[in-house]
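**Q** Here it is, the structure in full.
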Amino acid sequence: GFYAVFNLATGVISQAPGASGTTATMMPVGNGWYRCTITTQSGGSGLVAIGASIDGTITSNGTSGNGIYAYQADLIQSGFAQSPIPTAASSVTRAADIPYETITALGSQGTLVMTASVEGIGYTQVLAATASGAYLAYITSTGAVAITDGTNTATTAGTITVGVPFKVAASWGPAGLAISLNQGTVATNASYSGAFNGATTVQLGQSGSGSNSLYGHAAIETLYGAQYTGSKLQGF
């Protein structure tokens, strides 16, 4: 059907949606909380409900005083789950999310290590970019991960899985461009144009112009001022 069972004790989806075009994701966000989403292509009208169950079924005999907390529940018309939009008595809009980190100006070489997860693929999604629009790391429409300076690109052979956290290590410098997904084989390009040099901010989940937004989560683990390649990059 058009529903899923999220097990808050184990942190897994114990029953996925059975309806065509309907998917669910579940991600821990700390302190026993989970971000749970359901995306469907179903048209027409219907009821959206959140309920607690002690045995994973739609109808369940609960215990008085027991239940769940639901925070920032949203119903959004979109092909993918987005960040929460706090509402009151009526629907609202808000400016696009553009999180960024202020950094010491990037030099002619460096290495970025980050973790992320996405709730859909099929289009370009930026993980990290400079304000000028050079992509330190991004997801391709096929689910691979890449780094590009606008002229040269290195793309992993491996691909990500929707809803599953992954790690990316990317570097740039005298050895060109290099990137590894989940400690997999390092993809390289021998050339680097210098497009990252001098950047003082790193934008997460969006390009410098506000395009190619990420539908998911991303976080920088480490930003090094030296270029790591080969087995050292793969080891992150």
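The way I read the labels, and the way they are meant: chains A, B, ... in the order of the structure tokens, residue 1 as the first residue of every chain, and ligand 1 as the first ligand shown, with later ones counted on from there.
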Name the residues in contact with segment 73-78 of chain A at a cut-off of 10 Å, using only C-alpha atoms, excluding same-chain residues fewer than 4 positions from it; report them as a list in words.

**A** Arg35, Cys36, Thr37, Ile38, Thr39, Thr40, Gln41, Val48, Ile50, Gln82, Ser83, Pro84, Ile85, Pro86, Thr87 and Ser91 of chain A

**Q** Given only C-alpha atoms as the basis, pick out the residue of A:Glu221, A:Glu101, A:Glu119, A:Asp149 nearest to Leu177 of chain A.

**A** A:Asp149

**Q** So, with only C-alpha atoms as the atoms that count, which of A:Gln227, A:Asn61, A:Thr102, A:Thr188 lies closest to Asn152 of chain A?

**A**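 Of A:Gln227, A:Asn61, A:Thr102, A:Thr188, the one nearest Asn152 of chain A, counting only C-alpha atoms, is A:Thr188.
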
**Q** So which residues of segment 157-219 of chain A fall under strand (DSSP E or B) by DSSP, listed as a PyMOL selection string?

**A** chain A and resi 157-159+166-173+176-181+187-189+201-204+216-219

**Q** One decimal, Å: what's the distance from atom CA of Gly11 of chain A over to atom CA of Gly32 of chain A, could you say?

**A** 8.9 Å

**Q** I'd like to know which of A:Ile68, A:Leu223, A:Ile13, A:Val118 is closest to Gly163 of chain A, using only C-alpha atoms.

**A**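 The shortest atom-to-atom distance to Gly163 of chain A comes from A:Val118.
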
**Q** Using 12 Å as the limit and counting only C-alpha atoms, can you tabulate each residue of segment 45-126 of chain A that touches segment 230-234 of chain A, with its shortest atom-to-atom distance in Å and the two atoms involved, as JSON lines?

**A**
{"residue": "A:Gly110", "atom": "CA", "partner": "A:Leu233", "partner_atom": "CA", "distance": 11.2}
{"residue": "A:Thr111", "atom": "CA", "partner": "A:Leu233", "partner_atom": "CA", "distance": 8.3}
{"residue": "A:Leu112", "atom": "CA", "partner": "A:Leu233", "partner_atom": "CA", "distance": 9.6}
{"residue": "A:Val113", "atom": "CA", "partner": "A:Leu233", "partner_atom": "CA", "distance": 9.0}

**Q** Which residues come within 12 Å of Ala9 of chain A, counting only C-alpha atoms, excluding same-chain residues fewer than 3 positions away, as a list in words?

**A**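 Residues near the query, excluding close chain neighbours: Val5, Phe6, Val12, Ile13, Ser14, Pro28, Gly32, Trp33, Tyr34, Ser53, Ile54, Asp55, Gly56 and Ile68 of chain A.
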
**Q** Which residues, written as a ChimeraX atom specification, have at least one atom at most 10 Å from Ser193 of chain A, with only C-alpha atoms counted and residues fewer than 4 positions away on the same chain left out?

**A** /A:108,148-152,172-174,176-177,197

**Q** Excluding segment 144-146 of chain A and any residue of its chain fewer than 6 positions from it, enumerate the residues within 9 Å of it, using only C-alpha atoms, and give them as a list in words.

**A** Tyr135, Leu136, Ala137, Tyr138, Thr153, Ala154, Thr155, Thr156, Ala157, Gly158, Thr159, Ile160, Val168, Ala170, Ala178, Ile179, Ser180, Leu181 and Ala187 of chain A

**Q** Check the smallest atom-to-atom distance from each of A:Val29, A:Ala134, A:Ala16, A:Val202 to Ile220 of chain A using only C-alpha atoms, then report the winner.

**A**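 Closest candidate: A:Val202.
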
**Q** From the options A:Phe236, A:Tyr100, A:Tyr228, A:Tyr69, which residue's atoms come nearest to Leu8 of chain A, counting only C-alpha atoms?

**A** A:Tyr69
